[in-house]
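Reproduced below: entry_26.cif, with mmCIF, C-alpha atoms.
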data_target
loop_
_atom_site.label_atom_id
_atom_site.label_comp_id
_atom_site.auth_asym_id
_atom_site.auth_seq_id
_atom_site.Cartn_x
_atom_site.Cartn_y
_atom_site.Cartn_z
CA MET Z 767 -14.97 14.64 -18.02
CA CYS Z 768 -12.59 16.50 -20.28
CA ASN Z 769 -15.43 17.94 -22.34
CA SER Z 770 -17.29 19.50 -19.41
CA PHE Z 771 -13.93 20.59 -18.02
CA ASN Z 772 -13.07 22.20 -21.36
CA LYS Z 773 -16.38 24.01 -21.60
CA LYS Z 774 -16.28 25.46 -18.09
CA PHE Z 775 -12.68 26.62 -18.28
CA LEU Z 776 -12.88 27.91 -21.83
CA ASP Z 777 -15.99 29.92 -20.88
CA GLU Z 778 -14.18 31.42 -17.89
CA ALA Z 779 -11.03 32.06 -19.88
CA SER Z 780 -12.97 33.69 -22.74
CA LYS Z 781 -14.73 35.98 -20.25
CA MET Z 782 -11.40 36.92 -18.73
CA TYR Z 783 -10.00 37.51 -22.21
CA GLU Z 784 -12.87 39.88 -23.11
CA GLN Z 785 -12.73 41.79 -19.82
CA ASN Z 786 -9.00 42.29 -19.91
CA ASP Z 787 -7.84 45.66 -21.17
CA ASP Z 788 -4.44 44.13 -21.89
CA PRO Z 789 -5.62 40.94 -23.57
CA ILE Z 790 -3.55 37.84 -22.95
CA ASN Z 791 -2.53 35.54 -25.76
CA GLU Z 792 -3.57 31.92 -26.21
CA HIS Z 793 -0.59 30.56 -24.29
CA GLU Z 794 -1.18 32.90 -21.36
CA MET Z 795 -4.85 31.89 -21.39
CA PHE Z 796 -4.00 28.20 -21.03
CA MET Z 797 -1.42 29.05 -18.35
CA SER Z 798 -4.12 30.95 -16.45
CA MET Z 799 -6.17 27.74 -16.42
CA ALA Z 800 -3.21 25.86 -14.96
CA ILE Z 801 -2.82 28.61 -12.32
CA ASP Z 802 -6.51 28.31 -11.49
CA LEU Z 803 -6.16 24.52 -11.04
CA ALA Z 804 -3.26 25.07 -8.64
CA LYS Z 805 -5.32 27.54 -6.60
CA LYS Z 806 -8.28 25.17 -6.36
CA GLY Z 807 -5.95 22.30 -5.40
CA MET Z 808 -4.56 24.32 -2.51
CA GLU Z 809 -8.07 25.34 -1.42
CA ASN Z 810 -9.03 21.66 -1.36
CA GLU Z 811 -5.84 20.76 0.57
CA GLU Z 812 -4.73 18.37 -2.16
CA GLY Z 813 -1.12 19.51 -2.29
CA GLY Z 814 1.35 22.23 -3.26
CA PRO Z 815 1.05 25.36 -5.44
CA PHE Z 816 1.41 23.79 -8.86
CA GLY Z 817 -0.94 23.24 -11.80
CA CYS Z 818 -0.69 21.86 -15.32
CA ILE Z 819 -2.84 21.84 -18.47
CA ILE Z 820 -2.20 19.79 -21.62
CA VAL Z 821 -3.58 20.99 -24.95
CA LYS Z 822 -3.90 19.33 -28.33
CA ASP Z 823 -5.36 21.05 -31.41
CA GLY Z 824 -6.56 23.93 -29.24
CA LYS Z 825 -8.44 21.70 -26.79
CA VAL Z 826 -7.61 20.84 -23.20
CA ILE Z 827 -7.04 17.07 -23.08
CA GLY Z 828 -5.40 16.75 -19.67
CA LYS Z 829 -5.25 18.61 -16.40
CA GLY Z 830 -3.54 18.19 -13.08
CA ASN Z 831 -2.63 19.89 -9.87
CA ASN Z 832 -0.24 18.74 -7.19
CA LYS Z 833 -1.88 15.98 -5.11
CA VAL Z 834 1.12 14.66 -3.16
CA THR Z 835 -0.27 15.08 0.35
CA GLY Z 836 -3.94 14.61 -0.56
CA THR Z 837 -3.36 11.20 -2.16
CA ASN Z 838 -0.18 10.10 -0.31
CA ASP Z 839 1.63 9.88 -3.64
CA PRO Z 840 5.03 11.59 -3.90
CA THR Z 841 4.87 11.21 -7.70
CA ALA Z 842 1.57 13.14 -7.97
CA HIS Z 843 3.12 16.39 -9.16
CA ALA Z 844 0.89 18.53 -11.38
CA GLU Z 845 2.72 17.56 -14.59
CA VAL Z 846 2.67 13.81 -13.81
CA VAL Z 847 -1.05 13.96 -12.91
CA ALA Z 848 -1.80 15.89 -16.13
CA ILE Z 849 0.32 13.59 -18.33
CA ARG Z 850 -1.48 10.52 -16.94
CA ASP Z 851 -4.83 12.26 -17.48
CA ALA Z 852 -4.01 13.29 -21.06
CA CYS Z 853 -2.68 9.82 -21.96
CA ALA Z 854 -5.83 8.19 -20.54
CA HIS Z 855 -7.89 10.61 -22.64
CA LEU Z 856 -5.90 9.89 -25.82
CA GLN Z 857 -5.51 6.19 -24.98
CA ASP Z 858 -1.89 6.52 -25.95
CA PHE Z 859 1.39 6.54 -24.02
CA GLN Z 860 2.73 9.39 -26.17
CA LEU Z 861 1.63 13.04 -26.25
CA THR Z 862 2.57 13.66 -29.87
CA GLY Z 863 1.60 17.16 -31.01
CA CYS Z 864 0.60 18.27 -27.51
CA THR Z 865 1.53 21.41 -25.59
CA ILE Z 866 2.11 21.30 -21.84
CA TYR Z 867 1.47 24.36 -19.66
CA ALA Z 868 3.06 24.03 -16.20
CA THR Z 869 2.92 26.81 -13.60
CA CYS Z 870 6.54 26.13 -12.60
CA GLU Z 871 9.71 24.95 -14.31
CA PRO Z 872 9.49 21.14 -14.04
CA CYS Z 873 11.49 19.27 -11.39
CA PRO Z 874 13.77 16.44 -12.62
CA MET Z 875 11.01 13.84 -12.10
CA CYS Z 876 8.51 15.85 -14.15
CA LEU Z 877 11.12 16.74 -16.76
CA GLY Z 878 11.83 13.02 -17.15
CA ALA Z 879 8.09 12.29 -17.40
CA ILE Z 880 7.78 14.98 -20.09
CA TYR Z 881 10.62 13.47 -22.13
CA TRP Z 882 9.06 10.00 -21.91
CA ALA Z 883 5.66 11.42 -22.97
CA ARG Z 884 7.30 13.31 -25.87
CA PRO Z 885 5.02 16.35 -26.29
CA GLU Z 886 5.63 19.01 -28.93
CA GLU Z 887 6.42 21.87 -26.54
CA VAL Z 888 6.28 23.07 -22.95
CA PHE Z 889 5.43 26.48 -21.48
CA TYR Z 890 6.33 27.07 -17.83
CA GLY Z 891 5.65 29.91 -15.40
CA ALA Z 892 7.76 30.30 -12.26
CA LEU Z 893 11.45 29.32 -12.23
CA LYS Z 894 12.92 26.46 -10.20
CA GLY Z 895 14.75 29.07 -8.12
CA ASP Z 896 11.37 30.62 -7.23
CA ALA Z 897 10.19 27.19 -5.99
CA ALA Z 898 13.40 26.69 -3.99
CA LYS Z 899 12.74 29.98 -2.16
CA ILE Z 900 9.56 28.53 -0.63
CA GLY Z 901 11.25 25.27 0.34
CA PHE Z 902 10.76 22.89 -2.60
CA ASP Z 903 13.64 20.50 -3.30
CA ASP Z 904 13.82 20.84 -7.09
CA GLN Z 905 17.20 22.58 -7.08
CA PHE Z 906 18.66 20.05 -4.62
CA ILE Z 907 17.56 17.14 -6.84
CA TYR Z 908 19.01 18.81 -9.95
CA GLU Z 909 22.33 19.09 -8.06
CA GLU Z 910 22.19 15.44 -6.95
CA LEU Z 911 21.76 14.33 -10.57
CA ASP Z 912 25.12 15.88 -11.40
CA ILE Z 913 26.94 14.02 -8.62
CA GLU Z 914 28.49 10.58 -9.18
CA ILE Z 915 25.82 8.06 -8.10
CA SER Z 916 28.04 6.65 -5.32
CA ASN Z 917 28.38 10.10 -3.72
CA ARG Z 918 24.71 11.03 -3.52
CA LYS Z 919 22.81 11.87 -0.32
CA ILE Z 920 20.64 8.75 -0.73
CA SER Z 921 22.79 5.60 -0.78
CA PHE Z 922 22.82 3.89 -4.22
CA GLN Z 923 24.53 0.50 -4.55
CA GLN Z 924 24.93 -1.67 -7.62
CA ILE Z 925 24.28 -5.46 -7.30
CA SER Z 926 23.15 -8.43 -9.44
CA ARG Z 927 24.06 -6.83 -12.76
CA ASN Z 928 24.41 -10.13 -14.65
CA GLU Z 929 21.00 -11.38 -13.51
CA SER Z 930 19.38 -8.03 -14.32
CA ILE Z 931 20.90 -7.81 -17.80
CA LYS Z 932 19.25 -11.13 -18.67
CA LEU Z 933 15.93 -9.22 -18.64
CA PHE Z 934 17.21 -7.16 -21.57
CA GLU Z 935 18.02 -10.31 -23.55
CA ILE Z 936 14.46 -11.56 -22.98
CA TRP Z 937 13.16 -8.16 -24.18
CA GLU Z 938 15.34 -8.15 -27.28
CA ASN Z 939 14.32 -11.69 -28.22
CA ASN Z 940 10.59 -11.01 -27.77
CA ASP Z 941 9.00 -10.51 -31.18
CA ARG Z 942 5.72 -9.32 -29.62
CA LYS Z 943 7.30 -6.44 -27.70
CA LYS Z 944 5.85 -2.93 -28.07
CA PRO Z 945 8.72 -0.41 -27.99
CA TYR Z 946 8.06 2.87 -26.14
CA MET R 1138 -2.53 -7.93 -1.30
CA CYS R 1139 0.95 -7.20 0.00
CA ASN R 1140 0.70 -9.98 2.58
CA SER R 1141 -0.16 -12.74 0.11
CA PHE R 1142 2.40 -11.26 -2.24
CA ASN R 1143 5.01 -11.36 0.53
CA LYS R 1144 4.24 -14.93 1.45
CA LYS R 1145 4.39 -16.28 -2.10
CA PHE R 1146 7.58 -14.49 -3.02
CA LEU R 1147 9.33 -15.08 0.28
CA ASP R 1148 8.52 -18.81 -0.01
CA GLU R 1149 9.95 -18.91 -3.53
CA ALA R 1150 12.99 -16.89 -2.55
CA SER R 1151 13.67 -19.01 0.53
CA LYS R 1152 13.50 -22.14 -1.60
CA MET R 1153 15.92 -20.62 -4.08
CA TYR R 1154 18.17 -19.58 -1.20
CA GLU R 1155 18.29 -23.14 0.21
CA GLN R 1156 18.85 -24.77 -3.19
CA ASN R 1157 21.64 -22.46 -4.20
CA ASP R 1158 25.17 -23.77 -3.70
CA ASP R 1159 26.43 -20.21 -3.79
CA PRO R 1160 23.83 -18.64 -1.51
CA ILE R 1161 22.75 -15.13 -2.31
CA ASN R 1162 22.47 -12.51 0.38
CA GLU R 1163 19.30 -10.72 1.50
CA HIS R 1164 19.76 -7.86 -0.98
CA GLU R 1165 20.27 -10.25 -3.90
CA MET R 1166 17.18 -12.15 -2.77
CA PHE R 1167 15.00 -9.03 -2.92
CA MET R 1168 16.57 -8.10 -6.27
CA SER R 1169 15.66 -11.56 -7.59
CA MET R 1170 12.03 -10.79 -6.70
CA ALA R 1171 12.24 -7.55 -8.69
CA ILE R 1172 13.74 -9.48 -11.62
CA ASP R 1173 10.90 -11.99 -11.40
CA LEU R 1174 8.32 -9.18 -11.48
CA ALA R 1175 9.94 -7.77 -14.62
CA LYS R 1176 9.81 -11.19 -16.31
CA LYS R 1177 6.14 -11.65 -15.47
CA GLY R 1178 5.36 -8.12 -16.69
CA MET R 1179 6.93 -8.89 -20.05
CA GLU R 1180 5.09 -12.21 -20.28
CA ASN R 1181 1.81 -10.34 -19.66
CA GLU R 1182 2.75 -7.69 -22.25
CA GLU R 1183 2.49 -4.92 -19.66
CA GLY R 1184 5.69 -3.12 -20.62
CA GLY R 1185 9.48 -3.13 -20.67
CA PRO R 1186 12.10 -5.28 -18.88
CA PHE R 1187 12.13 -3.53 -15.51
CA GLY R 1188 10.99 -4.48 -12.00
CA CYS R 1189 11.11 -2.95 -8.53
CA ILE R 1190 10.54 -4.11 -4.95
CA ILE R 1191 10.34 -1.86 -1.88
CA VAL R 1192 11.18 -3.29 1.54
CA LYS R 1193 10.69 -1.97 5.06
CA ASP R 1194 11.80 -3.85 8.19
CA GLY R 1195 12.48 -6.96 6.11
CA LYS R 1196 9.00 -7.02 4.53
CA VAL R 1197 8.00 -6.26 0.96
CA ILE R 1198 5.64 -3.25 1.14
CA GLY R 1199 5.59 -2.27 -2.53
CA LYS R 1200 6.12 -3.81 -5.93
CA GLY R 1201 6.04 -2.69 -9.51
CA ASN R 1202 6.98 -3.58 -13.02
CA ASN R 1203 7.01 -1.39 -16.08
CA LYS R 1204 3.42 -0.88 -17.32
CA VAL R 1205 3.92 1.93 -19.84
CA THR R 1206 2.36 0.25 -22.87
CA GLY R 1207 -0.11 -1.93 -20.95
CA THR R 1208 -1.73 1.03 -19.19
CA ASN R 1209 -0.93 3.83 -21.69
CA ASP R 1210 0.96 5.65 -18.96
CA PRO R 1211 4.47 6.93 -19.80
CA THR R 1212 5.10 7.50 -16.08
CA ALA R 1213 4.40 3.85 -15.19
CA HIS R 1214 8.05 2.85 -14.83
CA ALA R 1215 8.72 0.04 -12.35
CA GLU R 1216 10.08 2.38 -9.67
CA VAL R 1217 7.15 4.84 -9.94
CA VAL R 1218 4.61 2.00 -9.84
CA ALA R 1219 6.35 0.49 -6.78
CA ILE R 1220 6.68 3.85 -4.98
CA ARG R 1221 2.97 4.53 -5.48
CA ASP R 1222 2.17 1.01 -4.26
CA ALA R 1223 4.37 1.29 -1.18
CA CYS R 1224 3.03 4.74 -0.27
CA ALA R 1225 -0.56 3.47 -0.61
CA HIS R 1226 0.38 0.57 1.67
CA LEU R 1227 2.02 2.86 4.28
CA GLN R 1228 -0.60 5.60 3.79
CA ASP R 1229 2.26 8.07 3.72
CA PHE R 1230 3.90 10.15 1.00
CA GLN R 1231 7.35 9.37 2.36
CA LEU R 1232 9.27 6.07 2.30
CA THR R 1233 11.27 6.73 5.46
CA GLY R 1234 13.45 3.74 6.40
CA CYS R 1235 12.65 1.85 3.19
CA THR R 1236 14.98 0.12 0.75
CA ILE R 1237 14.28 0.18 -2.98
CA TYR R 1238 15.46 -2.66 -5.26
CA ALA R 1239 15.33 -1.68 -8.96
CA THR R 1240 16.52 -4.01 -11.73
CA CYS R 1241 18.12 -1.07 -13.57
CA GLU R 1242 19.80 2.20 -12.65
CA PRO R 1243 16.88 4.65 -12.40
CA CYS R 1244 16.14 7.07 -15.26
CA PRO R 1245 15.92 10.79 -14.35
CA MET R 1246 12.15 10.56 -13.82
CA CYS R 1247 12.51 7.62 -11.42
CA LEU R 1248 15.52 9.18 -9.72
CA GLY R 1249 13.45 12.30 -9.11
CA ALA R 1250 10.57 10.17 -7.79
CA ILE R 1251 13.00 8.40 -5.44
CA TYR R 1252 14.31 11.71 -4.09
CA TRP R 1253 10.75 12.97 -3.47
CA ALA R 1254 9.85 9.69 -1.71
CA ARG R 1255 13.04 9.88 0.40
CA PRO R 1256 13.81 6.20 1.07
CA GLU R 1257 16.82 5.09 3.13
CA GLU R 1258 18.74 3.40 0.30
CA VAL R 1259 18.54 2.05 -3.24
CA PHE R 1260 20.01 -1.09 -4.81
CA TYR R 1261 20.06 -1.27 -8.61
CA GLY R 1262 21.00 -4.00 -11.08
CA ALA R 1263 21.79 -3.12 -14.70
CA LEU R 1264 23.48 0.18 -15.59
CA LYS R 1265 21.86 2.99 -17.58
CA GLY R 1266 24.35 2.24 -20.37
CA ASP R 1267 23.02 -1.35 -20.50
CA ALA R 1268 19.48 0.04 -20.99
CA ALA R 1269 20.68 2.43 -23.69
CA LYS R 1270 22.10 -0.52 -25.65
CA ILE R 1271 18.60 -1.94 -26.10
CA GLY R 1272 17.11 1.40 -27.09
CA PHE R 1273 15.90 3.03 -23.87
CA ASP R 1274 16.25 6.81 -23.69
CA ASP R 1275 17.62 7.16 -20.16
CA GLN R 1276 21.05 8.36 -21.25
CA PHE R 1277 19.54 10.87 -23.71
CA ILE R 1278 17.33 12.35 -20.96
CA TYR R 1279 20.31 12.58 -18.58
CA GLU R 1280 22.15 14.52 -21.28
CA GLU R 1281 19.16 16.83 -21.89
CA LEU R 1282 19.05 17.69 -18.18
CA ASP R 1283 22.57 19.11 -18.44
CA ILE R 1284 21.69 21.38 -21.38
CA GLU R 1285 20.38 24.92 -20.85
CA ILE R 1286 16.58 24.65 -20.91
CA SER R 1287 16.28 26.89 -23.99
CA ASN R 1288 18.53 24.56 -26.01
CA ARG R 1289 16.74 21.27 -25.34
CA LYS R 1290 15.26 18.99 -28.00
CA ILE R 1291 11.74 19.64 -26.68
CA SER R 1292 10.91 23.37 -26.84
CA PHE R 1293 10.64 24.96 -23.36
CA GLN R 1294 9.42 28.57 -23.12
CA GLN R 1295 8.95 30.71 -20.04
CA ILE R 1296 5.75 32.81 -19.74
CA SER R 1297 3.47 34.33 -17.04
CA ARG R 1298 6.08 34.25 -14.29
CA ASN R 1299 4.47 37.00 -12.19
CA GLU R 1300 1.06 35.31 -12.23
CA SER R 1301 2.61 31.92 -11.41
CA ILE R 1302 4.68 33.26 -8.52
CA LYS R 1303 1.46 34.49 -6.86
CA LEU R 1304 0.67 30.80 -6.21
CA PHE R 1305 3.75 30.62 -4.00
CA GLU R 1306 2.55 33.62 -1.97
CA ILE R 1307 -0.80 31.88 -1.40
CA TRP R 1308 1.10 28.75 -0.31
CA GLU R 1309 3.35 30.64 2.07
CA ASN R 1310 0.43 32.47 3.67
CA ASN R 1311 -1.64 29.31 4.14
CA ASP R 1312 -1.39 28.22 7.78
CA ARG R 1313 -3.09 24.87 7.05
CA LYS R 1314 -0.53 23.78 4.43
CA LYS R 1315 1.11 20.37 4.76
CA PRO R 1316 4.75 20.65 3.62
CA TYR R 1317 6.17 17.71 1.66
#

Translate the structure described by the file into structure tokens.
Amino acid sequence: MCNSFNKKFLDEASKMYEQNDDPINEHEMFMSMAIDLAKKGMENEEGGPFGCIIVKDGKVIGKGNNKVTGTNDPTAHAEVVAIRDACAHLQDFQLTGCTIYATCEPCPMCLGAIYWARPEEVFYGALKGDAAKIGFDDQFIYEELDIEISNRKISFQQISRNESIKLFEIWENNDRKKPY
Amino acid sequence: MCNSFNKKFLDEASKMYEQNDDPINEHEMFMSMAIDLAKKGMENEEGGPFGCIIVKDGKVIGKGNNKVTGTNDPTAHAEVVAIRDACAHLQDFQLTGCTIYATCEPCPMCLGAIYWARPEEVFYGALKGDAAKIGFDDQFIYEELDIEISNRKISFQQISRNESIKLFEIWENNDRKKPY
């Protein structure tokens, strides 16, 4: 899938590159692919105006657009979809040496996903403030993260700590564990 | 799947409830199910020591354990897996009126996922500091979120803002859009 995807998009991007009087650089070219994914996702009523491309050694290895409403999955942001796609392609849970192109500054969920995937670098297009202007909650969630957990808008309560910590002892004593 | 899952776990939990001299309450009972999921996930070498149960109207409608290494998916934290499961069950991208039971204080990715799913409340077991002690990056990612984006450990660079913002104009002008 990724190969045919690569070919089609690289062909289109190369054409655009040649036709453009003010040629865009490699990073802008990959970002234009992410923008195109976002457009197509909106056309197909899959979700919001966000796209993401993941590149390794100059090749697209993952792609995603927002699919929250189309798949009834609140975690299906463009970056999360693309990270899952790239990891499936690499058969690895790490994106070592990869570059992520996201059409908007990542929300806290996507930023967390990026840190867990550990890519080399991230390029982003619009700012979180731009997303807030059209009604997306990114800024609100960033603010909630800075508030003491007991004071947040969603109620968070701590229970069963002793029982839960026992899981960590099992993990530490498991010689077969695969750290991540 | 959820029905048989409910029956089996509710039977086990009820038995535990009756046998216990110091009976646990309803919230501790659901948390014990999440703990059990985490144990089974480790036994099956699916991932780390974390489990999650999602409940609506007294019934388990979603479940998850960490499956990062087992599925090569860095986003497959217990909470994300359970949110996706619950949303598939409800056929909705919102968890209105639901309660989430997570065996550990959510990492920034999972906290973001929780805010996007918008449940009623969250109960959590171990603290993020407990997870840090056995080598999980939650605390590091929380710290990175508070640092100016240009100073973070992973390189973040802003490009193509004008082109990316055009996506938001398309979104705003689309009468068929489904806000989320």

Show me, as a Markdown table, the residues of range 791-876 of chain Z having an atom within 12 Å of range 909-925 of chain Z, each with the closest atom pair and its distance in Å, using all atoms listed in the file.
| residue | atom | partner | partner_atom | distance |
| --- | --- | --- | --- | --- |
| Z:Cys873 | CA | Z:Glu909 | CA | 11.3 |
| Z:Pro874 | CA | Z:Leu911 | CA | 8.5 |
| Z:Met875 | CA | Z:Leu911 | CA | 10.9 |

Same residues, C-alpha atoms, saved as a compact mmCIF listing (two decimals), in the coordinates of the input:
# COMPACT_ATOMS: atom_id res chain seq x y z
CA CYS Z 873 11.49 19.27 -11.39
CA PRO Z 874 13.77 16.44 -12.62
CA MET Z 875 11.01 13.84 -12.10

Expected selection from the PyMOL selection byres ((chain R) within 7 of (chain Z)), given as a ChimeraX atom specification: /R:1165,1172,1176,1186,1205-1206,1209-1212,1221,1224-1225,1228-1230,1240,1245-1250,1252-1254,1257-1263,1278,1291-1298,1301-1302,1304-1305,1308

Ground truth for the PyMOL selection byres ((chain R and resi 1193) around 9), written as a PDB file with C-alpha atoms, in the coordinates of the input:
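Okay, this is what ended up in selection-v9.pdb:
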ATOM      1  CA  ILE R1191      10.340  -1.860  -1.880  1.00  0.00           C
ATOM      2  CA  VAL R1192      11.180  -3.290   1.540  1.00  0.00           C
ATOM      3  CA  ASP R1194      11.800  -3.850   8.190  1.00  0.00           C
ATOM      4  CA  GLY R1195      12.480  -6.960   6.110  1.00  0.00           C
ATOM      5  CA  LYS R1196       9.000  -7.020   4.530  1.00  0.00           C
ATOM      6  CA  VAL R1197       8.000  -6.260   0.960  1.00  0.00           C
ATOM      7  CA  ILE R1198       5.640  -3.250   1.140  1.00  0.00           C
ATOM      8  CA  LEU R1232       9.270   6.070   2.300  1.00  0.00           C
ATOM      9  CA  THR R1233      11.270   6.730   5.460  1.00  0.00           C
ATOM     10  CA  GLY R1234      13.450   3.740   6.400  1.00  0.00           C
ATOM     11  CA  CYS R1235      12.650   1.850   3.190  1.00  0.00           C
ATOM     12  CA  THR R1236      14.980   0.120   0.750  1.00  0.00           C
TER      13      THR R1236
END

A straight line from CA of Asn1310 in chain R to CA of Ala844 in chain Z spans 20.5 Å

Take every atom of range 1218-1232 of chain R listed in the file, pad by 8 Å on each side, and give me the axis-aligned box centre and edge lengths in Å, one decimal, as JSON.
{"center_x": 4.3, "center_y": 5.3, "center_z": -2.8, "size_x": 25.9, "size_y": 25.7, "size_z": 30.1}

Add whatever atoms are absent from range 1288-1310 of chain R to reach N, CA and C atoms, and provide the output as a JSON list (two decimals), keeping the file's coordinate frame.
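Written file, selection_38.json:
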[["chain", "number", "residue", "atom", "x", "y", "z"],
["R", 1288, "ASN", "N", 17.86, 25.28, -24.91],
["R", 1288, "ASN", "CA", 18.53, 24.56, -26.01],
["R", 1288, "ASN", "C", 18.11, 23.09, -26.12],
["R", 1289, "ARG", "N", 17.09, 22.69, -25.35],
["R", 1289, "ARG", "CA", 16.74, 21.27, -25.34],
["R", 1289, "ARG", "C", 15.96, 20.84, -26.58],
["R", 1290, "LYS", "N", 15.92, 19.53, -26.80],
["R", 1290, "LYS", "CA", 15.26, 18.99, -28.00],
["R", 1290, "LYS", "C", 13.75, 19.25, -27.98],
["R", 1291, "ILE", "N", 13.14, 19.23, -26.79],
["R", 1291, "ILE", "CA", 11.74, 19.64, -26.68],
["R", 1291, "ILE", "C", 11.76, 21.13, -26.35],
["R", 1292, "SER", "N", 10.93, 21.92, -27.06],
["R", 1292, "SER", "CA", 10.91, 23.37, -26.84],
["R", 1292, "SER", "C", 10.33, 23.72, -25.47],
["R", 1293, "PHE", "N", 11.10, 24.46, -24.67],
["R", 1293, "PHE", "CA", 10.64, 24.96, -23.36],
["R", 1293, "PHE", "C", 10.64, 26.48, -23.41],
["R", 1294, "GLN", "N", 9.50, 27.10, -23.12],
["R", 1294, "GLN", "CA", 9.42, 28.57, -23.12],
["R", 1294, "GLN", "C", 8.82, 29.06, -21.82],
["R", 1295, "GLN", "N", 9.40, 30.15, -21.31],
["R", 1295, "GLN", "CA", 8.95, 30.71, -20.04],
["R", 1295, "GLN", "C", 7.95, 31.83, -20.28],
["R", 1296, "ILE", "N", 6.78, 31.76, -19.65],
["R", 1296, "ILE", "CA", 5.75, 32.81, -19.74],
["R", 1296, "ILE", "C", 5.09, 33.00, -18.36],
["R", 1297, "SER", "N", 4.36, 34.10, -18.20],
["R", 1297, "SER", "CA", 3.47, 34.33, -17.04],
["R", 1297, "SER", "C", 4.14, 34.09, -15.69],
["R", 1298, "ARG", "N", 5.40, 34.52, -15.56],
["R", 1298, "ARG", "CA", 6.08, 34.25, -14.29],
["R", 1298, "ARG", "C", 5.41, 34.96, -13.11],
["R", 1299, "ASN", "N", 5.06, 36.24, -13.30],
["R", 1299, "ASN", "CA", 4.47, 37.00, -12.19],
["R", 1299, "ASN", "C", 3.18, 36.35, -11.68],
["R", 1300, "GLU", "N", 2.33, 35.94, -12.61],
["R", 1300, "GLU", "CA", 1.06, 35.31, -12.23],
["R", 1300, "GLU", "C", 1.32, 33.98, -11.52],
["R", 1301, "SER", "N", 2.32, 33.24, -11.99],
["R", 1301, "SER", "CA", 2.61, 31.92, -11.41],
["R", 1301, "SER", "C", 3.21, 32.05, -10.01],
["R", 1302, "ILE", "N", 4.04, 33.07, -9.83],
["R", 1302, "ILE", "CA", 4.68, 33.26, -8.52],
["R", 1302, "ILE", "C", 3.64, 33.57, -7.44],
["R", 1303, "LYS", "N", 2.51, 34.18, -7.86],
["R", 1303, "LYS", "CA", 1.46, 34.49, -6.86],
["R", 1303, "LYS", "C", 0.98, 33.24, -6.15],
["R", 1304, "LEU", "N", 1.06, 32.08, -6.84],
["R", 1304, "LEU", "CA", 0.67, 30.80, -6.21],
["R", 1304, "LEU", "C", 1.54, 30.52, -4.99],
["R", 1305, "PHE", "N", 2.82, 30.89, -5.10],
["R", 1305, "PHE", "CA", 3.75, 30.62, -4.00],
["R", 1305, "PHE", "C", 3.43, 31.50, -2.79],
["R", 1306, "GLU", "N", 2.95, 32.73, -3.08],
["R", 1306, "GLU", "CA", 2.55, 33.62, -1.97],
["R", 1306, "GLU", "C", 1.35, 33.03, -1.24],
["R", 1307, "ILE", "N", 0.39, 32.51, -2.01],
["R", 1307, "ILE", "CA", -0.80, 31.88, -1.40],
["R", 1307, "ILE", "C", -0.35, 30.71, -0.52],
["R", 1308, "TRP", "N", 0.57, 29.91, -1.05],
["R", 1308, "TRP", "CA", 1.10, 28.75, -0.31],
["R", 1308, "TRP", "C", 1.77, 29.19, 1.00],
["R", 1309, "GLU", "N", 2.62, 30.20, 0.88],
["R", 1309, "GLU", "CA", 3.35, 30.64, 2.07],
["R", 1309, "GLU", "C", 2.43, 31.21, 3.14],
["R", 1310, "ASN", "N", 1.35, 31.83, 2.71],
["R", 1310, "ASN", "CA", 0.43, 32.47, 3.67],
["R", 1310, "ASN", "C", -0.65, 31.53, 4.19]]
